[in-house]
Structure formats: C-alpha cells, structure tokens
Amino acid sequence: MSKRKDHLKALFGGAPVPGDEAPSPMAKPAPETKATPRPVVSETSRTASGAVKAMGLSLSSMSREVEDARALKDALAKGERVVEIDPNLIDPSLVRDRLSREDDGDEEFSALVESVRENGQQVPVLLRPHPTANGRYQVAYGHRRVRAAARLARPVQAIVRALDDNQLVLAQGKENTERRNLSFIERAFFAAALIRHGFERGVVQRALSLHKAEMTRFLQVADAVPAQIAGAIGPAPKAGRPRWMLLADFLQDDAAIVIAQDVIHSDAFRAASSDERFGMLFERLAKREERKAGVKGKASKPTLVADRKGRPLAHVISGKKPRMEFDEKVRPGFADYVAALLPELAERFEKERG
C-alpha cells in the first residue's frame, strides 16, 4: 500500500492547487481541502472471492487509481476549481452511453457507492451549464459518480466548463475510451445514438476513436439488434465484436425476434448476469440456426480445429451460413484477434486463388 500511495503522490509533484479564483456563480465552491489532491481510492469493488480474482481486482484498482490521479492533476493544473453541486440539479448527457442499470445487479456501481460512502468522491465529474434550463447542469462524464452521490444524498464534486454539443460528446467519448470501460455493444449503441442526434460521423469517430470501417460495423450491429433486446442483455463485457455480429445475423428474421422476446422475459434470464444473459440468448438462437441448416440438408457436424499440441482453437460449422465458434474460456480474446486478421487473410486467399 505504501508504494502505491507514494506513486500516486508523485503524480502530483508540483501540481498547482487553485485557491485565489473567484467562486463560480453557478454553484457553491467546495472547501479548499476537498480540491486538494489526495490519493485516489479505486471505484472498483475490493471484495472478491478467490486469490486469483482478488489479484486481478488489485491490479485493476491500481491502474484506475493512477488514471484518476492523473485526471485530477490535469484539471488542477489548468486552474479549474472543484465545486459542490446538488445532484438534483444535474441532468444526463445528450446521449446515454451505458446499458447497465444500478438496480440490475451492477456490482461495480454498488462498489462505487460504498467507496463514496466510506471515502468520499475522490475524482470530480465534468459538467456544463445546461443549455436550455437555467440553473441546471448537464453531465459530460461521470454519470455513475453523480448517481452514487444522489443515492447517498451528497453533493457532487464537479468541474463546470462551458462546452458546446460537439465538445460535450468528445469529452464523454474520450473519457470512456481512455478508461476502456464501455463494452462493444455499449459503444455501438452510443455511436448510433449520436448519429441519430445529428452529430457528423467524423465527430462520432473522434469521440469513440474509431476508424471508418469500425464505425460501419458498430452501426450495422446497432441497427440489427433491437434496442429492447440489447437493453435486456446489458453490456455483456465478455461478449466481443464477433459474437455480437453473429447475434445480429441470427436476429434477421421475425421468428428469431419472437424467440428472443421469449428468452429475455424468462425468470432465468432476469436472474442471470449480463454475460450469462448474452450466452443464454446466443445459444438458443445458434441452435435454431443449426436446426434450420439441418432441415435443408446442408448442415454438417462441427469440425474441431486444434493447434499442433491438440488444444482446441475453434469449431468450424459449414452450411448456408458457415461460421467459426470460439470458446472464450479456453483462449480469452482469441476470437477478436482472428477477426482483426481477416482482411489480411482475405488478401492472401485471393492471391493464392490467382
């Protein structure tokens, strides 16, 4: 612990602490002691079962502390004053960027609430004066911290900055990208929502740090997966792009939508975690696709592809819609790695075909 505290203190070496600025006319300044840099307490749950999980949480916690400490140092270095604002005066951003809900078994949010309860809010949120409601504010980033403060009936520690709509979503997207804490489907729906609100594609790509091709894939998935179904599943952080794209393919006919509605309204589905909910629906629709292929006489038994040591890599399923299935438990992240190599493999394939 002492090494971690020393590391965080070192981040603030020489950082100016504002004290002579005039208080903001929009909100009561927080006591200067609250604007003084302090070692940041992680917003990640400290309780976990098992030594391996505990070690992972510890590493994640330290990484988050370093990021938060740098963010606070940067804000203070710019001379921005931290003020206290009633959470009841704060409205969400123009576009929602998360699919999780605090009443949906969100363990990270529960851990954040406990952290704020025990240690106070260590990192300020970024707000702007509300563009149409005088005396109110709008979140650029820090939605969960605002909700945690509201849950505890505490004022929100905030930096208030004048931002236009483009600057707001760029700040919101930059924060999420740097923290890497939005799942694939959350980023996809965030991108689609920004487009619907009239933001140019270039602005959205900068906000989410996306290339043009990536942006196209995000919008395709957001268009193919009904918002109700995605919202019922939640962020599903372990379900990467390839599996969401497969699910989007499964949902291309009305019968699949009916099946999905049946699954998401089941008691077992509601009681499961977000990743488990994704798995339940994916498995149900994948089996339906296999039956459809079998009825048409074009199905074949999945072929196991293994490495030179005999360890499984993937199952190849042929038919009208051939596909590969990867087991994330065996090689986490391997499916995303293979997907990234597909353009290069396609070029090699075309060259070899002549």
# chains A, B, ... in the order shown; residues from 1 in each chain; ligands from 1
call {"tool": "select_by_dssp", "arguments": {"residues": "segment 54-257 of chain A", "states": "alpha helix (DSSP H)", "output": "count of residues only"}}
result
116
call {"tool": "residues_around", "arguments": {"residues": "segment 157-160 of chain A", "least_positions_apart": "4", "cutoff": "8 Å", "atoms": "only C-alpha atoms", "output": "ChimeraX atom specification"}}
result
/A:30,80-85,121,123-129
call {"tool": "select_by_dssp", "arguments": {"residues": "segment 83-151 of chain A", "states": "strand (DSSP E or B)", "output": "PDB file with N, CA and C atoms, in the first residue's frame"}}
result
ATOM      1  N   VAL A  83     -16.139  22.382  -7.475  1.00  0.00           N
ATOM      2  CA  VAL A  83     -17.267  22.952  -6.735  1.00  0.00           C
ATOM      3  C   VAL A  83     -18.231  21.846  -6.343  1.00  0.00           C
ATOM      4  N   GLU A  84     -19.077  22.144  -5.367  1.00  0.00           N
ATOM      5  CA  GLU A  84     -20.105  21.198  -4.929  1.00  0.00           C
ATOM      6  C   GLU A  84     -21.454  21.585  -5.545  1.00  0.00           C
ATOM      7  N   ILE A  85     -22.125  20.592  -6.121  1.00  0.00           N
ATOM      8  CA  ILE A  85     -23.413  20.843  -6.780  1.00  0.00           C
ATOM      9  C   ILE A  85     -24.408  19.780  -6.334  1.00  0.00           C
ATOM     10  N   ILE A  90     -28.566  18.170 -11.630  1.00  0.00           N
ATOM     11  CA  ILE A  90     -27.728  17.661 -12.720  1.00  0.00           C
ATOM     12  C   ILE A  90     -28.524  16.712 -13.604  1.00  0.00           C
ATOM     13  N   ASP A  91     -28.507  16.965 -14.905  1.00  0.00           N
ATOM     14  CA  ASP A  91     -29.187  16.111 -15.886  1.00  0.00           C
ATOM     15  C   ASP A  91     -28.167  15.278 -16.660  1.00  0.00           C
ATOM     16  N   VAL A 125     -16.487  15.119 -11.374  1.00  0.00           N
ATOM     17  CA  VAL A 125     -17.113  14.891 -12.673  1.00  0.00           C
ATOM     18  C   VAL A 125     -16.979  16.164 -13.500  1.00  0.00           C
ATOM     19  N   LEU A 126     -17.244  16.053 -14.795  1.00  0.00           N
ATOM     20  CA  LEU A 126     -17.213  17.220 -15.671  1.00  0.00           C
ATOM     21  C   LEU A 126     -18.646  17.561 -16.077  1.00  0.00           C
ATOM     22  N   LEU A 127     -19.062  18.800 -15.812  1.00  0.00           N
ATOM     23  CA  LEU A 127     -20.400  19.272 -16.154  1.00  0.00           C
ATOM     24  C   LEU A 127     -20.307  20.493 -17.053  1.00  0.00           C
ATOM     25  N   ARG A 128     -21.430  20.801 -17.688  1.00  0.00           N
ATOM     26  CA  ARG A 128     -21.563  22.089 -18.367  1.00  0.00           C
ATOM     27  C   ARG A 128     -22.860  22.725 -17.899  1.00  0.00           C
ATOM     28  N   PRO A 129     -22.956  24.065 -17.914  1.00  0.00           N
ATOM     29  CA  PRO A 129     -24.256  24.687 -17.626  1.00  0.00           C
ATOM     30  C   PRO A 129     -25.283  24.176 -18.630  1.00  0.00           C
ATOM     31  N   TYR A 137     -27.462  21.747 -14.701  1.00  0.00           N
ATOM     32  CA  TYR A 137     -26.207  21.331 -15.322  1.00  0.00           C
ATOM     33  C   TYR A 137     -26.417  20.030 -16.089  1.00  0.00           C
ATOM     34  N   GLN A 138     -25.472  19.755 -16.971  1.00  0.00           N
ATOM     35  CA  GLN A 138     -25.539  18.540 -17.790  1.00  0.00           C
ATOM     36  C   GLN A 138     -24.189  17.821 -17.712  1.00  0.00           C
ATOM     37  N   VAL A 139     -24.241  16.504 -17.600  1.00  0.00           N
ATOM     38  CA  VAL A 139     -23.017  15.718 -17.429  1.00  0.00           C
ATOM     39  C   VAL A 139     -22.295  15.524 -18.760  1.00  0.00           C
ATOM     40  N   ALA A 140     -20.992  15.778 -18.758  1.00  0.00           N
ATOM     41  CA  ALA A 140     -20.152  15.378 -19.885  1.00  0.00           C
ATOM     42  C   ALA A 140     -19.615  13.980 -19.604  1.00  0.00           C
ATOM     43  N   TYR A 141     -19.042  13.785 -18.425  1.00  0.00           N
ATOM     44  CA  TYR A 141     -18.684  12.439 -17.972  1.00  0.00           C
ATOM     45  C   TYR A 141     -18.732  12.384 -16.453  1.00  0.00           C
TER      46      TYR A 141
END
call {"tool": "closest_atom_pairs", "arguments": {"of": "segment 199-234 of chain A", "to": "segment 266-288 of chain A", "cutoff": "12 Å", "atoms": "only C-alpha atoms", "output": "JSON lines"}}
result
{"residue": "A:Ile229", "atom": "CA", "partner": "A:Leu281", "partner_atom": "CA", "distance": 9.6}
{"residue": "A:Ala230", "atom": "CA", "partner": "A:Phe278", "partner_atom": "CA", "distance": 9.0}
{"residue": "A:Gly231", "atom": "CA", "partner": "A:Ser274", "partner_atom": "CA", "distance": 9.9}
{"residue": "A:Ala232", "atom": "CA", "partner": "A:Arg277", "partner_atom": "CA", "distance": 8.2}
{"residue": "A:Ile233", "atom": "CA", "partner": "A:Arg277", "partner_atom": "CA", "distance": 5.5}
{"residue": "A:Gly234", "atom": "CA", "partner": "A:Ser274", "partner_atom": "CA", "distance": 5.4}
call {"tool": "write_last_selection", "arguments": {"atoms": "N, CA and C atoms", "output": "short mmCIF file (atom, residue, chain, number, x, y, z; two decimals), in the first residue's frame"}}
result
data_model
loop_
_atom_site.label_atom_id
_atom_site.label_comp_id
_atom_site.auth_asym_id
_atom_site.auth_seq_id
_atom_site.Cartn_x
_atom_site.Cartn_y
_atom_site.Cartn_z
N ILE A 229 -33.83 -5.62 -26.90
CA ILE A 229 -33.08 -6.85 -26.64
C ILE A 229 -31.70 -6.52 -26.09
N ALA A 230 -31.04 -5.54 -26.71
CA ALA A 230 -29.72 -5.14 -26.21
C ALA A 230 -29.81 -4.63 -24.78
N GLY A 231 -30.84 -3.83 -24.50
CA GLY A 231 -31.00 -3.30 -23.15
C GLY A 231 -31.27 -4.40 -22.13
N ALA A 232 -32.02 -5.43 -22.55
CA ALA A 232 -32.30 -6.54 -21.64
C ALA A 232 -31.03 -7.35 -21.34
N ILE A 233 -30.18 -7.51 -22.34
CA ILE A 233 -28.93 -8.23 -22.14
C ILE A 233 -27.97 -7.42 -21.28
N GLY A 234 -27.87 -6.12 -21.56
CA GLY A 234 -26.93 -5.29 -20.84
C GLY A 234 -25.58 -5.24 -21.53
#
call {"tool": "atom_distance", "arguments": {"atom1": "atom CA of Arg136 of chain A", "atom2": "atom CA of Val169 of chain A"}}
result
18.2 Å
call {"tool": "closest_residue", "arguments": {"among": "A:Ser183, A:Ser209, A:Asn166, A:Gln252", "to": "Pro235 of chain A", "atoms": "only C-alpha atoms"}}
result
A:Ser183
call {"tool": "closest_residue", "arguments": {"among": "A:Arg117, A:Arg187, A:Lys292, A:Arg145", "to": "Asp97 of chain A", "atoms": "only C-alpha atoms"}}
result
A:Arg187
call {"tool": "residues_around", "arguments": {"residues": "segment 303-310 of chain A", "least_positions_apart": "5", "cutoff": "12 Å", "atoms": "only C-alpha atoms", "output": "list in words"}}
result
His315, Val316, Ile317, Ser318, Pro322, Arg323, Met324, Glu325, Phe326, Asp327, Val330 and Arg331 of chain A
call {"tool": "write_last_selection", "arguments": {"atoms": "C-alpha atoms", "output": "PDB file, in the first residue's frame"}}
result
ATOM      1  CA  HIS A 315     -15.269 -25.269 -34.226  1.00  0.00           C
ATOM      2  CA  VAL A 316     -15.965 -24.762 -37.929  1.00  0.00           C
ATOM      3  CA  ILE A 317     -19.598 -25.170 -38.929  1.00  0.00           C
ATOM      4  CA  SER A 318     -20.391 -25.368 -42.633  1.00  0.00           C
ATOM      5  CA  PRO A 322     -20.651 -21.178 -42.426  1.00  0.00           C
ATOM      6  CA  ARG A 323     -19.130 -19.879 -39.233  1.00  0.00           C
ATOM      7  CA  MET A 324     -16.457 -20.448 -36.621  1.00  0.00           C
ATOM      8  CA  GLU A 325     -17.163 -20.682 -32.917  1.00  0.00           C
ATOM      9  CA  PHE A 326     -14.532 -19.910 -30.288  1.00  0.00           C
ATOM     10  CA  ASP A 327     -14.533 -20.823 -26.630  1.00  0.00           C
ATOM     11  CA  VAL A 330     -10.076 -21.644 -23.471  1.00  0.00           C
ATOM     12  CA  ARG A 331      -8.418 -18.660 -25.164  1.00  0.00           C
TER      13      ARG A 331
END
call {"tool": "closest_residue", "arguments": {"among": "A:Asp86, A:Met215, A:Val258, A:Asp336", "to": "Gly202 of chain A", "atoms": "only C-alpha atoms"}}
result
A:Met215
